[in-house]
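Below is my_file_37.cif, which holds mmCIF, C-alpha atoms; chains and numbers go by the auth columns.
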data_target
loop_
_atom_site.group_PDB
_atom_site.id
_atom_site.type_symbol
_atom_site.label_atom_id
_atom_site.label_comp_id
_atom_site.label_asym_id
_atom_site.label_seq_id
_atom_site.Cartn_x
_atom_site.Cartn_y
_atom_site.Cartn_z
_atom_site.B_iso_or_equiv
_atom_site.auth_seq_id
_atom_site.auth_asym_id
ATOM 1 C CA MET A 1 0.000 0.000 0.000 0.00 475 A
ATOM 2 C CA ALA A 2 3.089 2.200 -0.080 0.00 476 A
ATOM 3 C CA ALA A 3 2.384 3.742 -3.480 0.00 477 A
ATOM 4 C CA ALA A 4 -1.115 4.834 -2.448 0.00 478 A
ATOM 5 C CA GLY A 5 0.113 7.678 -0.257 0.00 479 A
ATOM 6 C CA SER A 6 -0.317 9.806 -3.375 0.00 480 A
ATOM 7 C CA VAL A 7 -4.069 9.578 -2.760 0.00 481 A
ATOM 8 C CA VAL A 8 -3.723 12.098 0.063 0.00 482 A
ATOM 9 C CA ALA A 9 -1.525 14.391 -2.016 0.00 483 A
ATOM 10 C CA ASP A 10 -4.287 14.419 -4.622 0.00 484 A
ATOM 11 C CA LEU A 11 -6.852 15.245 -1.925 0.00 485 A
ATOM 12 C CA ILE A 12 -4.816 18.244 -0.859 0.00 486 A
ATOM 13 C CA GLY A 13 -4.728 19.540 -4.422 0.00 487 A
ATOM 14 C CA VAL A 14 -8.471 19.078 -4.910 0.00 488 A
ATOM 15 C CA ILE A 15 -9.432 20.882 -1.711 0.00 489 A
ATOM 16 C CA ASN A 16 -7.037 23.754 -2.390 0.00 490 A
ATOM 17 C CA SER A 17 -8.277 24.185 -5.961 0.00 491 A
ATOM 18 C CA ASN A 18 -11.879 24.293 -4.693 0.00 492 A
ATOM 19 C CA ARG A 19 -11.218 26.631 -1.787 0.00 493 A
ATOM 20 C CA GLN A 20 -13.190 29.545 -3.250 0.00 494 A
ATOM 21 C CA TYR A 21 -16.057 27.359 -4.450 0.00 495 A
ATOM 22 C CA LEU A 22 -16.560 25.768 -1.034 0.00 496 A
ATOM 23 C CA SER A 23 -16.506 29.139 0.691 0.00 497 A
ATOM 24 C CA GLU A 24 -19.034 30.530 -1.783 0.00 498 A
ATOM 25 C CA VAL A 25 -21.368 27.599 -1.123 0.00 499 A
ATOM 26 C CA ASP A 26 -20.929 28.026 2.614 0.00 500 A
ATOM 27 C CA GLY A 27 -21.566 31.760 2.360 0.00 501 A
ATOM 28 C CA ALA A 28 -25.141 31.175 1.205 0.00 502 A
ATOM 29 C CA ILE A 29 -26.270 29.865 4.599 0.00 503 A
ATOM 30 C CA GLY A 30 -23.127 29.869 6.736 0.00 504 A
ATOM 31 C CA ASP A 31 -20.041 31.863 7.643 0.00 505 A
ATOM 32 C CA GLY A 32 -18.470 31.526 4.215 0.00 506 A
ATOM 33 C CA ASP A 33 -15.216 30.112 5.570 0.00 507 A
ATOM 34 C CA HIS A 34 -15.562 26.389 4.856 0.00 508 A
ATOM 35 C CA GLY A 35 -13.201 26.462 1.898 0.00 509 A
ATOM 36 C CA ILE A 36 -10.688 28.606 3.766 0.00 510 A
ATOM 37 C CA ASN A 37 -10.643 26.319 6.787 0.00 511 A
ATOM 38 C CA MET A 38 -10.495 23.130 4.732 0.00 512 A
ATOM 39 C CA SER A 39 -7.649 24.496 2.633 0.00 513 A
ATOM 40 C CA LYS A 40 -5.762 25.509 5.766 0.00 514 A
ATOM 41 C CA GLY A 41 -5.983 22.039 7.302 0.00 515 A
ATOM 42 C CA PHE A 42 -5.173 20.159 4.108 0.00 516 A
ATOM 43 C CA SER A 43 -2.262 22.486 3.342 0.00 517 A
ATOM 44 C CA GLN A 44 -0.812 21.825 6.789 0.00 518 A
ATOM 45 C CA CYS A 45 -0.931 18.131 5.964 0.00 519 A
ATOM 46 C CA GLY A 46 0.902 18.844 2.723 0.00 520 A
ATOM 47 C CA GLU A 47 3.647 20.545 4.710 0.00 521 A
ATOM 48 C CA ARG A 48 3.948 17.507 6.965 0.00 522 A
ATOM 49 C CA LEU A 49 4.166 15.120 4.045 0.00 523 A
ATOM 50 C CA ALA A 50 6.846 17.253 2.405 0.00 524 A
ATOM 51 C CA LYS A 51 9.035 16.895 5.493 0.00 525 A
ATOM 52 C CA ARG A 52 8.955 13.097 5.401 0.00 526 A
ATOM 53 C CA ALA A 53 12.162 11.430 4.316 0.00 527 A
ATOM 54 C CA ALA A 54 10.245 8.996 2.090 0.00 528 A
ATOM 55 C CA PRO A 55 6.740 8.923 0.580 0.00 529 A
ATOM 56 C CA PRO A 56 4.305 7.597 3.206 0.00 530 A
ATOM 57 C CA SER A 57 1.955 4.664 2.847 0.00 531 A
ATOM 58 C CA LEU A 58 -1.750 5.387 2.534 0.00 532 A
ATOM 59 C CA PRO A 59 -2.488 4.639 6.228 0.00 533 A
ATOM 60 C CA ALA A 60 0.376 6.906 7.332 0.00 534 A
ATOM 61 C CA ALA A 61 -0.674 9.718 5.003 0.00 535 A
ATOM 62 C CA LEU A 62 -4.281 9.492 6.197 0.00 536 A
ATOM 63 C CA ALA A 63 -3.104 9.623 9.811 0.00 537 A
ATOM 64 C CA ASP A 64 -1.078 12.755 9.019 0.00 538 A
ATOM 65 C CA LEU A 65 -4.145 14.278 7.373 0.00 539 A
ATOM 66 C CA SER A 66 -6.256 13.474 10.412 0.00 540 A
ATOM 67 C CA ASP A 67 -3.763 15.146 12.753 0.00 541 A
ATOM 68 C CA ALA A 68 -3.587 18.243 10.568 0.00 542 A
ATOM 69 C CA LEU A 69 -7.357 18.587 10.349 0.00 543 A
ATOM 70 C CA MET A 70 -7.899 18.048 14.055 0.00 544 A
ATOM 71 C CA GLY A 71 -5.515 20.879 14.838 0.00 545 A
ATOM 72 C CA GLY A 72 -5.980 23.122 11.824 0.00 546 A
ATOM 73 C CA ILE A 73 -9.742 23.426 11.294 0.00 547 A
ATOM 74 C CA GLY A 74 -12.052 25.232 13.667 0.00 548 A
ATOM 75 C CA GLY A 75 -15.665 24.351 14.381 0.00 549 A
ATOM 76 C CA SER A 76 -17.106 20.911 13.760 0.00 550 A
ATOM 77 C CA MET A 77 -15.361 20.019 10.506 0.00 551 A
ATOM 78 C CA GLY A 78 -11.947 19.408 12.077 0.00 552 A
ATOM 79 C CA PRO A 79 -13.157 16.649 14.414 0.00 553 A
ATOM 80 C CA LEU A 80 -15.542 15.223 11.803 0.00 554 A
ATOM 81 C CA TYR A 81 -13.061 14.894 8.969 0.00 555 A
ATOM 82 C CA GLY A 82 -10.190 14.166 11.352 0.00 556 A
ATOM 83 C CA SER A 83 -12.084 11.216 12.795 0.00 557 A
ATOM 84 C CA PHE A 84 -13.136 10.069 9.319 0.00 558 A
ATOM 85 C CA PHE A 85 -9.566 9.819 8.052 0.00 559 A
ATOM 86 C CA LEU A 86 -8.170 8.481 11.325 0.00 560 A
ATOM 87 C CA ASP A 87 -10.550 5.534 11.406 0.00 561 A
ATOM 88 C CA MET A 88 -9.922 4.823 7.729 0.00 562 A
ATOM 89 C CA SER A 89 -6.195 4.791 8.503 0.00 563 A
ATOM 90 C CA SER A 90 -6.672 2.424 11.442 0.00 564 A
ATOM 91 C CA VAL A 91 -8.494 -0.130 9.295 0.00 565 A
ATOM 92 C CA LEU A 92 -5.897 0.036 6.517 0.00 566 A
ATOM 93 C CA GLU A 93 -2.888 -0.147 8.844 0.00 567 A
ATOM 94 C CA GLY A 94 -0.954 -3.398 8.602 0.00 568 A
ATOM 95 C CA HIS A 95 -2.267 -4.399 5.172 0.00 569 A
ATOM 96 C CA ALA A 96 0.181 -4.608 2.301 0.00 570 A
ATOM 97 C CA LEU A 97 -2.518 -4.740 -0.378 0.00 571 A
ATOM 98 C CA LEU A 98 -5.707 -2.755 -0.848 0.00 572 A
ATOM 99 C CA ASP A 99 -8.722 -4.502 -2.356 0.00 573 A
ATOM 100 C CA SER A 100 -12.413 -3.653 -2.619 0.00 574 A
ATOM 101 C CA PRO A 101 -13.570 -5.353 0.631 0.00 575 A
ATOM 102 C CA LEU A 102 -10.790 -3.694 2.629 0.00 576 A
ATOM 103 C CA PHE A 103 -11.601 -0.264 1.229 0.00 577 A
ATOM 104 C CA TYR A 104 -15.267 -0.794 2.123 0.00 578 A
ATOM 105 C CA ARG A 105 -14.325 -1.615 5.712 0.00 579 A
ATOM 106 C CA ALA A 106 -12.167 1.510 5.878 0.00 580 A
ATOM 107 C CA LEU A 107 -14.854 3.711 4.331 0.00 581 A
ATOM 108 C CA SER A 108 -17.517 2.320 6.623 0.00 582 A
ATOM 109 C CA ALA A 109 -15.353 2.817 9.703 0.00 583 A
ATOM 110 C CA GLY A 110 -14.755 6.426 8.701 0.00 584 A
ATOM 111 C CA ILE A 111 -18.461 7.078 8.242 0.00 585 A
ATOM 112 C CA ASP A 112 -19.271 5.419 11.565 0.00 586 A
ATOM 113 C CA ALA A 113 -16.744 7.721 13.234 0.00 587 A
ATOM 114 C CA VAL A 114 -18.441 10.788 11.758 0.00 588 A
ATOM 115 C CA GLN A 115 -21.840 9.602 12.933 0.00 589 A
ATOM 116 C CA ALA A 116 -20.533 8.891 16.419 0.00 590 A
ATOM 117 C CA ILE A 117 -19.563 12.541 16.845 0.00 591 A
ATOM 118 C CA GLY A 118 -22.903 14.099 15.914 0.00 592 A
ATOM 119 C CA ASP A 119 -26.560 13.244 15.656 0.00 593 A
ATOM 120 C CA ALA A 120 -26.976 14.025 11.967 0.00 594 A
ATOM 121 C CA LYS A 121 -28.766 11.567 9.717 0.00 595 A
ATOM 122 C CA VAL A 122 -29.741 11.439 6.063 0.00 596 A
ATOM 123 C CA GLY A 123 -32.100 14.315 5.319 0.00 597 A
ATOM 124 C CA ASP A 124 -30.590 16.763 7.826 0.00 598 A
ATOM 125 C CA LYS A 125 -28.591 18.639 5.146 0.00 599 A
ATOM 126 C CA THR A 126 -25.066 17.659 6.213 0.00 600 A
ATOM 127 C CA LEU A 127 -22.147 15.645 4.883 0.00 601 A
ATOM 128 C CA ILE A 128 -24.029 12.520 6.000 0.00 602 A
ATOM 129 C CA ASP A 129 -26.279 13.065 2.974 0.00 603 A
ATOM 130 C CA THR A 130 -23.187 12.439 0.856 0.00 604 A
ATOM 131 C CA LEU A 131 -21.560 9.717 2.946 0.00 605 A
ATOM 132 C CA GLU A 132 -24.445 7.332 3.555 0.00 606 A
ATOM 133 C CA PRO A 133 -25.571 6.985 -0.083 0.00 607 A
ATOM 134 C CA ALA A 134 -21.923 6.520 -1.046 0.00 608 A
ATOM 135 C CA ARG A 135 -21.505 3.699 1.463 0.00 609 A
ATOM 136 C CA ALA A 136 -24.755 2.019 0.430 0.00 610 A
ATOM 137 C CA ALA A 137 -23.866 2.148 -3.264 0.00 611 A
ATOM 138 C CA TYR A 138 -20.374 0.765 -2.692 0.00 612 A
ATOM 139 C CA GLU A 139 -21.765 -2.017 -0.501 0.00 613 A
ATOM 140 C CA ALA A 140 -24.351 -2.951 -3.124 0.00 614 A
ATOM 141 C CA ALA A 141 -21.721 -3.059 -5.879 0.00 615 A
ATOM 142 C CA LEU A 142 -19.469 -5.157 -3.666 0.00 616 A
ATOM 143 C CA ALA A 143 -22.306 -7.601 -2.973 0.00 617 A
ATOM 144 C CA GLU A 144 -22.782 -7.966 -6.724 0.00 618 A
ATOM 145 C CA ASN A 145 -19.105 -8.955 -7.059 0.00 619 A
ATOM 146 C CA ARG A 146 -18.369 -5.955 -9.206 0.00 620 A
ATOM 147 C CA SER A 147 -14.763 -4.880 -9.712 0.00 621 A
ATOM 148 C CA PHE A 148 -12.967 -2.495 -7.371 0.00 622 A
ATOM 149 C CA ARG A 149 -13.140 0.175 -10.078 0.00 623 A
ATOM 150 C CA GLU A 150 -16.901 -0.339 -10.479 0.00 624 A
ATOM 151 C CA CYS A 151 -17.440 -0.160 -6.719 0.00 625 A
ATOM 152 C CA LEU A 152 -15.574 3.157 -6.634 0.00 626 A
ATOM 153 C CA ASP A 153 -17.607 4.482 -9.561 0.00 627 A
ATOM 154 C CA ALA A 154 -20.863 3.506 -7.831 0.00 628 A
ATOM 155 C CA MET A 155 -19.704 5.245 -4.658 0.00 629 A
ATOM 156 C CA THR A 156 -18.858 8.433 -6.523 0.00 630 A
ATOM 157 C CA ALA A 157 -22.149 8.580 -8.419 0.00 631 A
ATOM 158 C CA ALA A 158 -24.144 8.072 -5.224 0.00 632 A
ATOM 159 C CA ALA A 159 -22.058 10.654 -3.380 0.00 633 A
ATOM 160 C CA GLU A 160 -22.812 13.213 -6.071 0.00 634 A
ATOM 161 C CA GLY A 161 -26.519 12.433 -5.906 0.00 635 A
ATOM 162 C CA GLY A 162 -26.450 12.766 -2.132 0.00 636 A
ATOM 163 C CA MET A 163 -24.662 16.089 -2.320 0.00 637 A
ATOM 164 C CA ASN A 164 -27.170 17.437 -4.831 0.00 638 A
ATOM 165 C CA SER A 165 -30.071 16.270 -2.659 0.00 639 A
ATOM 166 C CA THR A 166 -29.060 18.771 0.023 0.00 640 A
ATOM 167 C CA ARG A 167 -30.163 21.653 -2.190 0.00 641 A
ATOM 168 C CA GLU A 168 -33.825 21.001 -1.481 0.00 642 A
ATOM 169 C CA LEU A 169 -33.393 20.027 2.153 0.00 643 A
ATOM 170 C CA ARG A 170 -34.091 22.153 5.214 0.00 644 A
ATOM 171 C CA ALA A 171 -31.108 22.294 7.562 0.00 645 A
ATOM 172 C CA ARG A 172 -31.907 20.506 10.810 0.00 646 A
ATOM 173 C CA VAL A 173 -28.560 20.581 12.607 0.00 647 A
ATOM 174 C CA GLY A 174 -25.768 23.114 12.981 0.00 648 A
ATOM 175 C CA ARG A 175 -25.875 26.873 12.567 0.00 649 A
ATOM 176 C CA ALA A 176 -27.822 26.717 9.322 0.00 650 A
ATOM 177 C CA SER A 177 -30.752 25.109 11.145 0.00 651 A
ATOM 178 C CA ARG A 178 -31.550 28.515 12.637 0.00 652 A
ATOM 179 C CA LEU A 179 -32.488 29.744 9.160 0.00 653 A
ATOM 180 C CA GLY A 180 -35.405 27.350 8.879 0.00 654 A
ATOM 181 C CA ASP A 181 -36.909 27.297 5.396 0.00 655 A
ATOM 182 C CA ARG A 182 -34.408 29.910 4.247 0.00 656 A
ATOM 183 C CA SER A 183 -31.817 27.138 4.158 0.00 657 A
ATOM 184 C CA ILE A 184 -33.734 25.433 1.341 0.00 658 A
ATOM 185 C CA GLY A 185 -32.481 26.025 -2.180 0.00 659 A
ATOM 186 C CA VAL A 186 -28.701 25.892 -1.636 0.00 660 A
ATOM 187 C CA LEU A 187 -26.207 23.074 -1.264 0.00 661 A
ATOM 188 C CA ASP A 188 -24.635 22.158 2.048 0.00 662 A
ATOM 189 C CA ALA A 189 -20.943 23.032 2.048 0.00 663 A
ATOM 190 C CA GLY A 190 -19.929 19.959 4.058 0.00 664 A
ATOM 191 C CA ALA A 191 -21.784 17.705 1.647 0.00 665 A
ATOM 192 C CA CYS A 192 -19.906 19.398 -1.207 0.00 666 A
ATOM 193 C CA SER A 193 -16.449 19.010 0.310 0.00 667 A
ATOM 194 C CA CYS A 194 -17.278 15.418 1.183 0.00 668 A
ATOM 195 C CA PHE A 195 -18.207 14.675 -2.426 0.00 669 A
ATOM 196 C CA LEU A 196 -14.968 16.243 -3.647 0.00 670 A
ATOM 197 C CA ILE A 197 -13.030 14.059 -1.215 0.00 671 A
ATOM 198 C CA LEU A 198 -14.749 10.817 -2.208 0.00 672 A
ATOM 199 C CA ARG A 199 -14.483 11.596 -5.920 0.00 673 A
ATOM 200 C CA SER A 200 -10.793 12.412 -5.581 0.00 674 A
ATOM 201 C CA MET A 201 -10.101 9.191 -3.695 0.00 675 A
ATOM 202 C CA SER A 202 -12.004 7.232 -6.321 0.00 676 A
ATOM 203 C CA GLU A 203 -10.089 8.814 -9.187 0.00 677 A
ATOM 204 C CA SER A 204 -6.713 8.395 -7.490 0.00 678 A
ATOM 205 C CA LEU A 205 -7.297 4.762 -6.587 0.00 679 A
ATOM 206 C CA GLY A 206 -8.690 4.115 -10.048 0.00 680 A
ATOM 207 C CA ALA A 207 -5.498 5.433 -11.590 0.00 681 A
ATOM 208 C CA LEU A 208 -3.420 3.203 -9.315 0.00 682 A
ATOM 209 C CA LEU A 209 -5.562 0.192 -10.223 0.00 683 A
ATOM 210 C CA ALA A 210 -5.116 0.909 -13.910 0.00 684 A
ATOM 211 C CA ALA A 211 -1.357 1.222 -13.485 0.00 685 A
ATOM 212 C CA ALA A 212 -1.239 -2.009 -11.477 0.00 686 A
ATOM 213 C CA LYS A 213 -3.270 -3.825 -14.104 0.00 687 A
ATOM 214 C CA GLN A 214 -0.902 -2.654 -16.808 0.00 688 A
ATOM 215 C CA GLY A 215 2.019 -3.833 -14.713 0.00 689 A
ATOM 216 C CA GLU A 216 0.365 -7.226 -14.277 0.00 690 A
ATOM 217 C CA LYS A 217 -0.069 -7.597 -18.009 0.00 691 A
ATOM 218 C CA GLN A 218 3.579 -6.864 -18.588 0.00 692 A
ATOM 219 C CA GLY A 219 4.525 -9.303 -15.843 0.00 693 A
ATOM 220 C CA GLU A 220 2.309 -12.009 -17.323 0.00 694 A
ATOM 221 C CA LYS A 221 4.060 -11.664 -20.642 0.00 695 A
ATOM 222 C CA GLN A 222 7.379 -12.187 -18.928 0.00 696 A
ATOM 223 C CA THR A 223 6.456 -14.910 -16.445 0.00 697 A
ATOM 224 C CA GLY A 224 3.095 -16.288 -17.582 0.00 698 A
ATOM 225 C CA LYS A 225 1.777 -15.863 -14.070 0.00 699 A
ATOM 226 C CA GLN A 226 -1.291 -13.895 -12.957 0.00 700 A
ATOM 227 C CA THR A 227 -1.675 -11.703 -9.908 0.00 701 A
ATOM 228 C CA GLU A 228 -4.890 -11.854 -7.893 0.00 702 A
ATOM 229 C CA LYS A 229 -4.812 -8.533 -6.040 0.00 703 A
ATOM 230 C CA HIS A 230 -3.925 -4.989 -7.015 0.00 704 A
ATOM 231 C CA PRO A 231 -1.005 -3.507 -5.085 0.00 705 A
ATOM 232 C CA ALA A 232 -1.757 -0.027 -3.835 0.00 706 A
#
Will you turn the file into structure tokens for me?
Amino acid sequence: MAAAGSVVADLIGVINSNRQYLSEVDGAIGDGDHGINMSKGFSQCGERLAKRAAPPSLPAALADLSDALMGGIGGSMGPLYGSFFLDMSSVLEGHALLDSPLFYRALSAGIDAVQAIGDAKVGDKTLIDTLEPARAAYEAALAENRSFRECLDAMTAAAEGGMNSTRELRARVGRASRLGDRSIGVLDAGACSCFLILRSMSESLGALLAAAKQGEKQGEKQTGKQTEKHPA
């Protein structure tokens, strides 16, 4: 799983490139600082990774990201995202290879950690509206024995649908809940950043899977042997 530390580097780039967008979304019914705070925390992680003597594994990079977010983001998002990435890291730790069942266990553990912190549920106009559909779609694809790539694609599509569903929802938790019906008609910023995170992870892992598959094909030509799992 050593090569997959690049997944976190990609996350940092995605959040930083969407800093203004996330703040604009947040500004409609919030303080307008979601993008700023997210970028601050993710950038601090980037600084930590740059100081490492060697590229970190995915579990190590996720743990670094968790630490940076816990200390670098104010409000609720630091603990929520920090716990999400920390529990994902804990599940992945000790595994040399990443496959679709292992990623599901890591994703599910991260979502459970987010839910343990707050009382939000689907329909409350929060990042849970992105996370829960994403988990359900991945689980369904996994149960159908679809490929790792197809499970990731299903997760991403469901995450996007969940994010978009928040536009017509009334905020029921957090500061936006004080707006009542005035919160209807705009996206939830946390749901948006969560979608960007899941999509980025899907794309990054997909690229690693494609590269691994190409490497397997080249290896098969040389040895005639096949590899069962995709190194990440």
For A:Arg652, the closest of A:Val596, A:Ala608, A:Ile503, A:Ile489 counting all atoms listed in the file is A:Ile503
With distances taken over only C-alpha atoms, the candidate from A:Ser678, A:Ser563, A:Ser651, A:Ser497 nearest A:Leu532 is A:Ser563
(request) Using all atoms listed in the file, determine which residues lie at most 12 Å from A:Asn511, disregarding the query and same-chain residues fewer than 2 positions distant; provide the list as a PyMOL selection string. (result) chain A and resi 489-490+492-494+496-497+500+505-509+513-518+542-552+555+663-664+667
task: Given the file shown, determine the residues that the PyMOL selection byres ((chain A and resi 632) around 10) selects; report them as a list in words.
output: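 Listing what the PyMOL selection byres ((chain A and resi 632) around 10) selects in the shown file: Asp603, Thr604, Leu605, Glu606, Pro607, Ala608, Arg609, Ala610, Ala611, Tyr612, Leu626, Asp627, Ala628, Met629, Thr630, Ala631, Ala633, Glu634, Gly635, Gly636, Met637, Asn638 and Phe669 of chain A.
Protein and nucleic acid residues near (-32.0, 28.4, 7.5) are A:Ala502, A:Ile503, A:Gly504, A:Asp598, A:Lys599, A:Arg641, A:Glu642, A:Leu643, A:Arg644, A:Ala645, A:Arg646, A:Val647, A:Gly648, A:Arg649, A:Ala650, A:Ser651, A:Arg652, A:Leu653, A:Gly654, A:Asp655, A:Arg656, A:Ser657, A:Ile658, A:Gly659, A:Val660, A:Leu661, A:Asp662, the criterion being any atom at most 12 Å away using all atoms listed in the file.
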Atom CA of A:Tyr578 to atom CA of A:Arg526 measures 28.1 Å
Of the candidates A:Ala681, A:Asp573, A:Pro529, A:Phe558, which one gets nearest to A:Asp586 if we count all atoms listed in the file?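 Using all atoms listed in the file, the shortest distance to A:Asp586 belongs to A:Phe558.
Closest to A:Ala535 among A:Val482, A:Val488, A:Leu576, A:Ala615 is A:Val482, based on only C-alpha atoms.
One finds atom CA of A:Leu485 at 8.4 Å from atom CA of A:Leu670.
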Students should find that atom CA of A:Ala524 and atom CA of A:Ala483 are spaced 9.9 Å
- Using only C-alpha atoms, what residues lie at most 9 Å away from (-14.0, -0.8, 3.3) (file coordinates), given as a VMD selection string? chain A and resid 562 565 to 566 573 to 583 609 612 to 613
Using only C-alpha atoms, please write the residues we just selected to a file, as a tab-separated table (two decimals), in the frame of the given file.
chain	number	residue	atom	x	y	z
A	562	MET	CA	-9.92	4.82	7.73
A	565	VAL	CA	-8.49	-0.13	9.30
A	566	LEU	CA	-5.90	0.04	6.52
A	573	ASP	CA	-8.72	-4.50	-2.36
A	574	SER	CA	-12.41	-3.65	-2.62
A	575	PRO	CA	-13.57	-5.35	0.63
A	576	LEU	CA	-10.79	-3.69	2.63
A	577	PHE	CA	-11.60	-0.26	1.23
A	578	TYR	CA	-15.27	-0.79	2.12
A	579	ARG	CA	-14.32	-1.62	5.71
A	580	ALA	CA	-12.17	1.51	5.88
A	581	LEU	CA	-14.85	3.71	4.33
A	582	SER	CA	-17.52	2.32	6.62
A	583	ALA	CA	-15.35	2.82	9.70
A	609	ARG	CA	-21.50	3.70	1.46
A	612	TYR	CA	-20.37	0.76	-2.69
A	613	GLU	CA	-21.76	-2.02	-0.50
Generate the missing atoms of stretch 520-536 of chain A up to N, CA and C atoms and report them as a compact mmCIF listing (two decimals), in the coordinates of the input.
# COMPACT_ATOMS: atom_id res chain seq x y z
N GLY A 520 -0.07 18.84 3.81
CA GLY A 520 0.90 18.84 2.72
C GLY A 520 2.29 19.21 3.22
N GLU A 521 2.36 20.15 4.15
CA GLU A 521 3.65 20.54 4.71
C GLU A 521 4.27 19.40 5.51
N ARG A 522 3.44 18.65 6.21
CA ARG A 522 3.95 17.51 6.96
C ARG A 522 4.49 16.44 6.03
N LEU A 523 3.75 16.15 4.98
CA LEU A 523 4.17 15.12 4.04
C LEU A 523 5.47 15.51 3.36
N ALA A 524 5.63 16.79 3.09
CA ALA A 524 6.85 17.25 2.40
C ALA A 524 8.09 17.08 3.27
N LYS A 525 7.90 17.04 4.58
CA LYS A 525 9.04 16.90 5.49
C LYS A 525 9.43 15.44 5.71
N ARG A 526 8.64 14.52 5.23
CA ARG A 526 8.96 13.10 5.40
C ARG A 526 10.15 12.73 4.53
N ALA A 527 10.97 11.84 5.05
CA ALA A 527 12.16 11.43 4.32
C ALA A 527 11.81 10.58 3.10
N ALA A 528 10.68 9.86 3.19
CA ALA A 528 10.24 9.00 2.09
C ALA A 528 8.73 9.12 1.95
N PRO A 529 8.19 8.85 0.77
CA PRO A 529 6.74 8.92 0.58
C PRO A 529 6.03 7.97 1.55
N PRO A 530 4.99 8.43 2.22
CA PRO A 530 4.30 7.60 3.21
C PRO A 530 3.35 6.61 2.55
N SER A 531 3.00 5.58 3.28
CA SER A 531 1.96 4.66 2.85
C SER A 531 0.61 5.37 2.97
N LEU A 532 -0.42 4.78 2.43
CA LEU A 532 -1.75 5.39 2.53
C LEU A 532 -2.21 5.51 3.99
N PRO A 533 -2.08 4.48 4.82
CA PRO A 533 -2.49 4.64 6.23
C PRO A 533 -1.73 5.76 6.94
N ALA A 534 -0.43 5.87 6.68
CA ALA A 534 0.38 6.91 7.33
C ALA A 534 -0.03 8.29 6.85
N ALA A 535 -0.27 8.42 5.55
CA ALA A 535 -0.67 9.72 5.00
C ALA A 535 -2.04 10.13 5.53
N LEU A 536 -2.96 9.18 5.66
CA LEU A 536 -4.28 9.49 6.20
C LEU A 536 -4.19 9.89 7.66
